[in-house]
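Next up, input33.cif (mmCIF, C-alpha atoms and all ligand atoms):
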```
data_work
loop_
_atom_site.label_atom_id
_atom_site.label_comp_id
_atom_site.auth_asym_id
_atom_site.auth_seq_id
_atom_site.Cartn_x
_atom_site.Cartn_y
_atom_site.Cartn_z
CA MET A 10 9.34 8.41 -3.68
CA ILE A 11 10.42 11.20 -1.36
CA LYS A 12 13.76 12.90 -1.57
CA VAL A 13 14.78 15.56 0.93
CA GLU A 14 17.84 17.53 -0.02
CA ASP A 15 19.94 19.46 2.46
CA LEU A 16 16.96 20.64 4.44
CA HIS A 17 17.29 23.33 7.05
CA ARG A 18 14.69 24.65 9.42
CA HIS A 19 15.96 27.18 11.89
CA PHE A 20 14.08 28.86 14.71
CA GLY A 21 15.98 32.08 15.20
CA ALA A 22 19.56 31.02 15.74
CA PHE A 23 18.52 27.49 16.68
CA ARG A 24 18.95 24.88 13.95
CA ALA A 25 16.23 22.32 14.61
CA VAL A 26 16.92 20.72 11.22
CA ASP A 27 20.45 21.41 10.13
CA GLY A 28 21.09 20.05 6.68
CA ALA A 29 19.16 16.77 6.60
CA SER A 30 19.06 14.71 3.41
CA ILE A 31 16.89 11.60 3.34
CA GLU A 32 15.22 9.34 0.82
CA ILE A 33 12.10 7.31 1.35
CA ALA A 34 11.75 4.45 -1.10
CA LYS A 35 8.38 3.64 -2.60
CA GLY A 36 6.82 0.66 -0.83
CA SER A 37 9.03 0.96 2.23
CA ILE A 38 8.16 1.39 5.87
CA THR A 39 10.94 3.75 6.79
CA GLY A 40 11.61 4.43 10.47
CA LEU A 41 12.83 7.78 11.73
CA ILE A 42 14.41 7.62 15.16
CA GLY A 43 16.70 9.72 17.31
CA PRO A 44 16.90 11.27 20.75
CA ASN A 45 14.37 13.90 21.84
CA GLY A 46 15.01 17.21 20.16
CA ALA A 47 16.77 15.59 17.18
CA GLY A 48 14.51 17.45 14.76
CA LYS A 49 12.33 14.54 13.61
CA THR A 50 8.97 16.25 14.09
CA THR A 51 10.24 19.46 12.56
CA LEU A 52 11.44 17.52 9.52
CA PHE A 53 8.01 15.86 9.25
CA ASN A 54 6.30 19.21 9.50
CA VAL A 55 8.39 20.66 6.72
CA ILE A 56 7.84 17.67 4.42
CA ALA A 57 4.10 17.73 5.12
CA GLY A 58 3.75 21.43 4.39
CA ARG A 59 3.08 22.57 7.94
CA LEU A 60 6.28 24.58 8.23
CA PRO A 61 8.25 26.30 5.48
CA PRO A 62 11.89 25.27 5.33
CA THR A 63 14.64 27.79 5.92
CA SER A 64 16.37 26.22 2.92
CA GLY A 65 16.55 22.91 1.08
CA ARG A 66 14.16 21.02 -1.17
CA VAL A 67 11.64 18.23 -0.93
CA PHE A 68 10.74 16.12 -3.97
CA MET A 69 7.95 13.60 -4.43
CA ASP A 70 8.32 11.29 -7.41
CA GLY A 71 10.75 13.78 -8.87
CA GLU A 72 8.43 16.75 -8.51
CA ASP A 73 9.50 19.66 -6.33
CA ILE A 74 6.87 19.87 -3.57
CA THR A 75 8.82 22.17 -1.24
CA GLY A 76 6.53 24.42 0.75
CA LEU A 77 3.26 23.21 -0.80
CA PRO A 78 0.37 23.55 1.65
CA PRO A 79 -1.04 20.39 3.27
CA HIS A 80 -4.21 20.27 1.15
CA GLU A 81 -2.18 20.29 -2.07
CA LEU A 82 0.05 17.53 -0.73
CA PHE A 83 -3.08 15.68 0.26
CA HIS A 84 -4.20 15.70 -3.39
CA LYS A 85 -0.88 14.15 -4.31
CA GLY A 86 -1.46 11.42 -1.73
CA LEU A 87 0.97 12.68 0.92
CA LEU A 88 -0.59 12.63 4.36
CA ARG A 89 0.61 13.24 7.85
CA THR A 90 -1.53 11.91 10.65
CA PHE A 91 -2.46 14.35 13.33
CA GLN A 92 -4.13 14.03 16.67
CA ILE A 93 -7.87 14.20 16.81
CA ALA A 94 -8.55 17.78 17.67
CA HIS A 95 -10.46 18.49 20.82
CA GLU A 96 -13.47 19.85 18.95
CA PHE A 97 -13.98 16.55 17.11
CA GLY A 98 -14.15 14.57 20.32
CA SER A 99 -17.89 15.01 20.53
CA MET A 100 -18.35 13.45 17.10
CA THR A 101 -18.52 9.70 16.77
CA VAL A 102 -15.64 7.64 15.46
CA ARG A 103 -17.54 7.04 12.21
CA GLU A 104 -18.27 10.75 11.79
CA ASN A 105 -14.60 11.55 12.31
CA LEU A 106 -13.82 9.34 9.34
CA MET A 107 -16.68 10.60 7.18
CA MET A 108 -15.53 14.18 7.34
CA VAL A 109 -11.96 13.49 6.24
CA PRO A 110 -12.24 13.85 2.46
CA ALA A 111 -13.93 17.23 2.66
CA ALA A 112 -11.90 18.53 5.56
CA GLN A 113 -8.57 17.63 4.01
CA SER A 114 -9.42 19.03 0.62
CA GLY A 115 -9.60 22.53 2.05
CA GLU A 116 -13.40 22.77 2.08
CA THR A 117 -14.71 24.44 5.19
CA LEU A 118 -15.28 21.62 7.55
CA TRP A 119 -18.60 22.65 8.97
CA ASN A 120 -19.95 23.44 5.54
CA ALA A 121 -18.78 20.15 4.24
CA PHE A 122 -20.16 17.99 6.95
CA PHE A 123 -23.32 19.77 7.85
CA ASN A 124 -24.32 20.99 4.44
CA ARG A 125 -27.96 19.99 4.29
CA GLY A 126 -27.77 20.09 0.51
CA ARG A 127 -25.20 17.33 0.40
CA ILE A 128 -26.86 14.54 -1.45
CA ALA A 129 -27.83 11.45 0.45
CA SER A 130 -26.06 9.06 -1.90
CA GLU A 131 -22.77 10.85 -1.32
CA GLU A 132 -23.26 10.60 2.41
CA ARG A 133 -24.13 6.93 2.14
CA ALA A 134 -20.99 6.25 0.15
CA LEU A 135 -18.91 8.02 2.79
CA ARG A 136 -20.59 6.03 5.51
CA ASP A 137 -19.95 2.73 3.72
CA LYS A 138 -16.33 3.70 3.22
CA ALA A 139 -15.97 4.62 6.89
CA ASP A 140 -17.46 1.28 7.94
CA GLU A 141 -15.10 -0.56 5.63
CA VAL A 142 -12.14 1.27 7.21
CA LEU A 143 -13.34 0.45 10.73
CA ASP A 144 -13.69 -3.18 9.74
CA PHE A 145 -10.16 -3.24 8.29
CA LEU A 146 -8.82 -1.82 11.54
CA THR A 147 -10.90 -4.23 13.63
CA ILE A 148 -12.64 -1.41 15.50
CA SER A 149 -16.15 -1.64 14.04
CA HIS A 150 -17.49 -1.87 17.58
CA LEU A 151 -16.35 1.72 18.20
CA ALA A 152 -18.24 3.27 15.26
CA ASP A 153 -20.87 5.02 17.34
CA GLN A 154 -18.68 5.95 20.30
CA LYS A 155 -17.68 9.55 20.80
CA ALA A 156 -14.07 10.00 19.70
CA ALA A 157 -13.25 11.66 23.04
CA ASN A 158 -14.17 8.47 24.89
CA ILE A 159 -11.96 5.93 23.12
CA SER A 160 -8.51 4.97 24.42
CA GLY A 161 -5.22 6.51 23.29
CA GLY A 162 -4.37 3.46 21.20
CA GLN A 163 -7.79 3.38 19.61
CA LYS A 164 -7.34 7.05 18.72
CA LYS A 165 -4.10 6.14 16.96
CA LEU A 166 -5.99 3.52 14.95
CA LEU A 167 -8.59 6.16 14.11
CA GLU A 168 -5.82 8.51 12.96
CA LEU A 169 -4.52 5.76 10.71
CA GLY A 170 -8.07 5.12 9.55
CA ARG A 171 -8.38 8.71 8.41
CA THR A 172 -5.63 8.14 5.87
CA MET A 173 -7.71 5.29 4.44
CA MET A 174 -10.66 7.53 3.68
CA VAL A 175 -8.68 8.97 0.79
CA ASP A 176 -6.16 7.53 -1.62
CA ALA A 177 -2.98 7.97 0.35
CA LYS A 178 0.32 7.02 -1.25
CA ILE A 179 2.67 7.98 1.54
CA VAL A 180 1.76 8.45 5.17
CA PHE A 181 3.86 10.15 7.83
CA LEU A 182 3.11 8.80 11.30
CA ASP A 183 4.36 10.62 14.34
CA GLU A 184 4.84 8.53 17.50
CA VAL A 185 2.25 5.88 16.85
CA GLY A 186 3.12 4.03 20.01
CA ALA A 187 3.15 6.86 22.54
CA GLY A 188 1.11 5.76 25.54
CA VAL A 189 -0.35 2.77 23.73
CA ASN A 190 -0.57 -0.65 25.36
CA ARG A 191 1.25 -3.60 23.82
CA THR A 192 -1.85 -5.32 22.41
CA LEU A 193 -3.07 -2.22 20.63
CA LEU A 194 0.44 -1.42 19.46
CA ASN A 195 0.50 -4.81 17.77
CA THR A 196 -2.88 -4.09 16.17
CA ILE A 197 -1.53 -0.77 14.89
CA GLY A 198 1.62 -2.49 13.62
CA ASP A 199 -0.47 -5.13 11.83
CA ALA A 200 -2.62 -2.43 10.22
CA ILE A 201 0.49 -0.61 8.98
CA VAL A 202 1.95 -3.79 7.49
CA ARG A 203 -1.33 -4.70 5.82
CA LEU A 204 -1.75 -1.20 4.38
CA ASN A 205 1.79 -1.45 3.09
CA LYS A 206 1.44 -4.91 1.57
CA GLU A 207 -2.19 -4.94 0.46
CA ARG A 208 -2.72 -1.32 -0.51
CA GLY A 209 0.76 -0.24 -1.49
CA TYR A 210 1.12 2.49 1.13
CA THR A 211 4.58 3.82 1.79
CA PHE A 212 5.18 4.85 5.39
CA CYS A 213 7.59 7.02 7.28
CA VAL A 214 7.25 6.44 11.01
CA ILE A 215 8.67 8.31 13.97
CA GLU A 216 8.69 5.98 16.95
CA HIS A 217 10.63 5.44 20.15
CA ASP A 218 9.72 1.82 20.73
CA MET A 219 12.62 -0.10 19.23
CA ASP A 220 10.77 -3.43 19.19
CA PHE A 221 8.07 -1.82 17.11
CA ILE A 222 10.60 -0.17 14.79
CA GLY A 223 12.52 -3.43 14.51
CA ARG A 224 9.44 -5.41 13.60
CA LEU A 225 8.18 -2.94 11.00
CA CYS A 226 10.84 -0.71 9.58
CA ASP A 227 13.50 -1.12 6.95
CA PRO A 228 15.42 1.06 6.60
CA VAL A 229 15.77 3.08 9.77
CA ILE A 230 17.11 6.61 9.60
CA VAL A 231 18.71 8.00 12.75
CA MET A 232 18.70 11.75 13.37
CA ALA A 233 20.58 13.71 16.00
CA GLU A 234 21.00 17.45 16.36
CA GLY A 235 19.13 18.19 13.16
CA ARG A 236 21.18 15.90 10.97
CA VAL A 237 21.10 12.36 9.69
CA LEU A 238 23.52 10.32 11.74
CA ALA A 239 23.09 6.87 10.28
CA GLN A 240 20.86 4.73 8.12
CA GLY A 241 20.43 0.99 7.78
CA THR A 242 18.54 -1.93 9.24
CA VAL A 243 17.63 -1.74 12.91
CA ASP A 244 20.46 -4.11 13.80
CA GLN A 245 22.96 -2.04 11.84
CA VAL A 246 22.01 1.27 13.43
CA LYS A 247 21.70 -0.23 16.91
CA ASN A 248 25.34 -1.24 16.77
CA ASP A 249 26.58 1.99 15.24
CA GLU A 250 28.94 3.76 17.65
CA ARG A 251 27.70 7.22 16.70
CA VAL A 252 24.11 6.19 17.31
CA ILE A 253 24.90 4.69 20.71
CA GLU A 254 26.76 7.84 21.64
CA ALA A 255 23.90 10.09 20.51
CA TYR A 256 21.42 8.11 22.62
CA LEU A 257 23.60 7.73 25.67
CA GLY A 258 24.24 11.42 25.62
CA ARG A 259 27.08 13.76 25.62
P1 LIG A 301 12.10 15.56 17.89
O1 LIG A 301 10.81 15.34 17.18
O2 LIG A 301 13.23 14.82 17.30
O3 LIG A 301 12.01 15.33 19.37
P2 LIG A 301 11.64 18.36 17.29
O4 LIG A 301 11.63 18.49 15.83
O5 LIG A 301 10.32 18.31 17.98
O6 LIG A 301 12.51 17.10 17.71
O7 LIG A 301 12.45 19.55 17.94
C1 LIG A 301 13.78 19.84 17.58
C2 LIG A 301 14.21 21.06 18.34
O8 LIG A 301 13.59 22.20 17.77
C3 LIG A 301 13.83 21.04 19.81
O9 LIG A 301 14.92 21.50 20.56
C4 LIG A 301 12.66 21.98 19.88
O10 LIG A 301 12.64 22.64 21.13
C5 LIG A 301 12.95 22.96 18.76
N1 LIG A 301 11.72 23.51 18.19
C6 LIG A 301 10.75 22.80 17.58
N2 LIG A 301 9.76 23.62 17.17
C7 LIG A 301 10.11 24.87 17.54
C8 LIG A 301 9.52 26.17 17.39
N3 LIG A 301 8.33 26.32 16.80
N4 LIG A 301 10.19 27.22 17.90
C9 LIG A 301 11.39 27.06 18.49
N5 LIG A 301 12.02 25.89 18.65
C10 LIG A 301 11.38 24.80 18.18
#
```

If you convert what's in this file into structure tokens, what do you get?
Ligand code: ADP
Amino acid sequence: MIKVEDLHRHFGAFRAVDGASIEIAKGSITGLIGPNGAGKTTLFNVIAGRLPPTSGRVFMDGEDITGLPPHELFHKGLLRTFQIAHEFGSMTVRENLMMVPAAQSGETLWNAFFNRGRIASEERALRDKADEVLDFLTISHLADQKAANISGGQKKLLELGRTMMVDAKIVFLDEVGAGVNRTLLNTIGDAIVRLNKERGYTFCVIEHDMDFIGRLCDPVIVMAEGRVLAQGTVDQVKNDERVIEAYLGR
């Protein structure tokens, strides 16, 4: 589904991504791991149109999507989750979901959400959709809470929920488990698996928690120093000498 060919992203003389080539198969939950500074987030940002590459190409279903802006990728069903921005904290969880389609499509957010002319039926449909998403994620009880007041793990679920407000095909998740307790991490993992199996989502997940990666991801791609070091099942990469060396440090 996604093919990245010899991608480079340099910052001055520093090669954050230094010739990475990866493939993400349709229907997979692909893990992306590697020590801090390996270039994982930078690679995500280039694929998702947040950063232009220095060189290299990105293809989606055979189409060259290199350098397309996020809202165009969004229309193709490629989404990258992002943290709930500070200014949306005062909106409720449901409202955060309801504004996704308009916000992501490039419409001015405030116009989109507060446009008095927006017809009631459209708003009702968005509300129903948001409630359906909250139900799927088992967080219906949070619908009317302010987004700023929910826990870190619940925010991660909300981020995942935002991808469900539109027809995502592939979702890039950055550090789903960071600072999330074990119970919620399992809930997030279950939601990812269900989205994958029941709705056909393809995922690419950056995560440090190896139990989580092991439970969810096949294959796992290991990056170090801007390059792909190894790829395989979790057990294969865990036992790969080069991977062990990269983690244990030079
Ligand atoms: P990872 O996600 O694997 O931890 P990153 O992609 O975040 O790695 O970072 C890779 C390297 O690129 C790091 O050393 C980081 O400091 C550097 N880097 C990332 N973004 C920038 C930037 N905007 N300017 C300069 N250096 C950057």

Contact check, chain A to ligand LIG 301 (chain A), at most 12 Å, counting all atoms listed in the file, closest pairs as a tab-separated table:
```
residue	atom	partner	partner_atom	distance
A:His17	CA	A:LIG301	O8	11.4
A:Arg18	CA	A:LIG301	O8	8.8
A:His19	CA	A:LIG301	N5	7.9
A:Phe20	CA	A:LIG301	C9	5.0
A:Gly21	CA	A:LIG301	C9	7.6
A:Ala22	CA	A:LIG301	C9	9.5
A:Phe23	CA	A:LIG301	N5	7.0
A:Arg24	CA	A:LIG301	O8	7.1
A:Ala25	CA	A:LIG301	O8	4.1
A:Val26	CA	A:LIG301	C1	7.1
A:Asp27	CA	A:LIG301	C1	10.1
A:Leu41	CA	A:LIG301	O2	9.0
A:Ile42	CA	A:LIG301	O2	7.6
A:Gly43	CA	A:LIG301	O2	6.2
A:Pro44	CA	A:LIG301	O2	6.2
A:Asn45	CA	A:LIG301	O3	3.7
A:Gly46	CA	A:LIG301	O6	3.5
A:Ala47	CA	A:LIG301	O2	3.6
A:Gly48	CA	A:LIG301	O4	3.2
A:Lys49	CA	A:LIG301	O2	3.8
A:Thr50	CA	A:LIG301	O1	3.7
A:Thr51	CA	A:LIG301	O4	3.7
A:Leu52	CA	A:LIG301	O4	6.4
A:Phe53	CA	A:LIG301	O4	8.0
A:Asn54	CA	A:LIG301	O4	8.3
A:Val55	CA	A:LIG301	O4	9.9
A:Arg59	CA	A:LIG301	N3	11.0
A:Leu60	CA	A:LIG301	N3	9.0
A:Pro61	CA	A:LIG301	N3	11.3
A:Leu182	CA	A:LIG301	O1	11.7
A:Asp183	CA	A:LIG301	O1	8.5
A:Glu184	CA	A:LIG301	O1	9.1
A:Val214	CA	A:LIG301	O1	11.4
A:Ile215	CA	A:LIG301	O1	8.0
A:Glu216	CA	A:LIG301	O1	9.6
A:His217	CA	A:LIG301	O3	10.0
A:Ile230	CA	A:LIG301	O2	11.9
A:Val231	CA	A:LIG301	O2	9.9
A:Met232	CA	A:LIG301	O2	7.4
A:Ala233	CA	A:LIG301	O2	7.5
A:Glu234	CA	A:LIG301	C1	7.7
A:Gly235	CA	A:LIG301	C1	7.1
A:Arg236	CA	A:LIG301	O2	10.2
A:Val237	CA	A:LIG301	O2	11.2
A:Tyr256	CA	A:LIG301	O2	11.8
```

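With only C-alpha atoms as the basis for measurement, A:Lys155 is the residue among A:Lys12, A:Arg251, A:Lys206, A:Lys155 that approaches A:Met100 most closely.
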
Return the single residue from A:Val246, A:Leu77, A:Leu88, A:Ala156 that is closest to A:Val102, with distances computed using all atoms listed in the file.
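Using all atoms listed in the file, the shortest distance to A:Val102 belongs to A:Ala156.
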
Point-to-point distance in Å for atom CA of A:Gly188 and atom CA of A:Gly162:
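Atom-to-atom, atom CA of A:Gly162 to atom CA of A:Gly188, that is 7.4 Å.
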
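Each of A:Thr211, A:Asn158, A:Ser30, A:Thr39 was checked against A:Gly65 using only C-alpha atoms; the smallest atom-to-atom distance is that of A:Ser30.
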
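Atom CA of A:Gln163 to atom CA of A:Asp140 spans 15.3 Å [interatomic distance, one decimal].
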
Grab the atom CA of A:Gln240 to atom CA of A:Phe181 distance for me, in Å with one decimal place.
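Value for the atom CA of A:Gln240-atom CA of A:Phe181 distance: 17.8 Å.
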
Out of A:Met219, A:Leu82, A:Val252, A:Leu193, which residue has the shortest atom-to-atom distance to A:Ala177 when counting all atoms listed in the file?
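That would be A:Leu82, the residue with the smallest distance to A:Ala177.
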
Can you tell me which residues surround A:Met10 at a distance of at most 6 Å, considering only C-alpha atoms, apart from same-chain residues fewer than 2 positions away, and format the answer as a list in words?
Ile33, Ala34, Lys35, Met69 and Asp70 of chain A

C-alpha atoms of the current selection, written as an mmCIF file, keeping the file's coordinate frame:
```
data_model
loop_
_atom_site.group_PDB
_atom_site.id
_atom_site.type_symbol
_atom_site.label_atom_id
_atom_site.label_comp_id
_atom_site.auth_asym_id
_atom_site.auth_seq_id
_atom_site.Cartn_x
_atom_site.Cartn_y
_atom_site.Cartn_z
ATOM 1 C CA ILE A 33 12.100 7.310 1.350
ATOM 2 C CA ALA A 34 11.750 4.450 -1.100
ATOM 3 C CA LYS A 35 8.380 3.640 -2.600
ATOM 4 C CA MET A 69 7.950 13.600 -4.430
ATOM 5 C CA ASP A 70 8.320 11.290 -7.410
#
```

Taking (-2.9, 2.7, 10.1) in the file's coordinates, which residues come within 6 Å, counting all atoms listed in the file, written as a VMD selection string?
chain A and resid 166 169 to 170 200 to 201

Which residue is closest to A:Leu87? Choose from A:Ser37, A:Ser160, A:Thr172, A:Thr147 and count all atoms listed in the file.
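Result for the nearest residue to A:Leu87: A:Thr172.
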
Write out as lines of an AutoDock Vina configuration file an axis-aligned box for stretch 177-183 of chain A: all of its atoms listed in the file, 8 Å added on each side, centre and edge lengths in Å with one decimal.
```
center_x = 0.7
center_y = 8.8
center_z = 6.5
size_x = 23.3
size_y = 19.6
size_z = 31.6
```
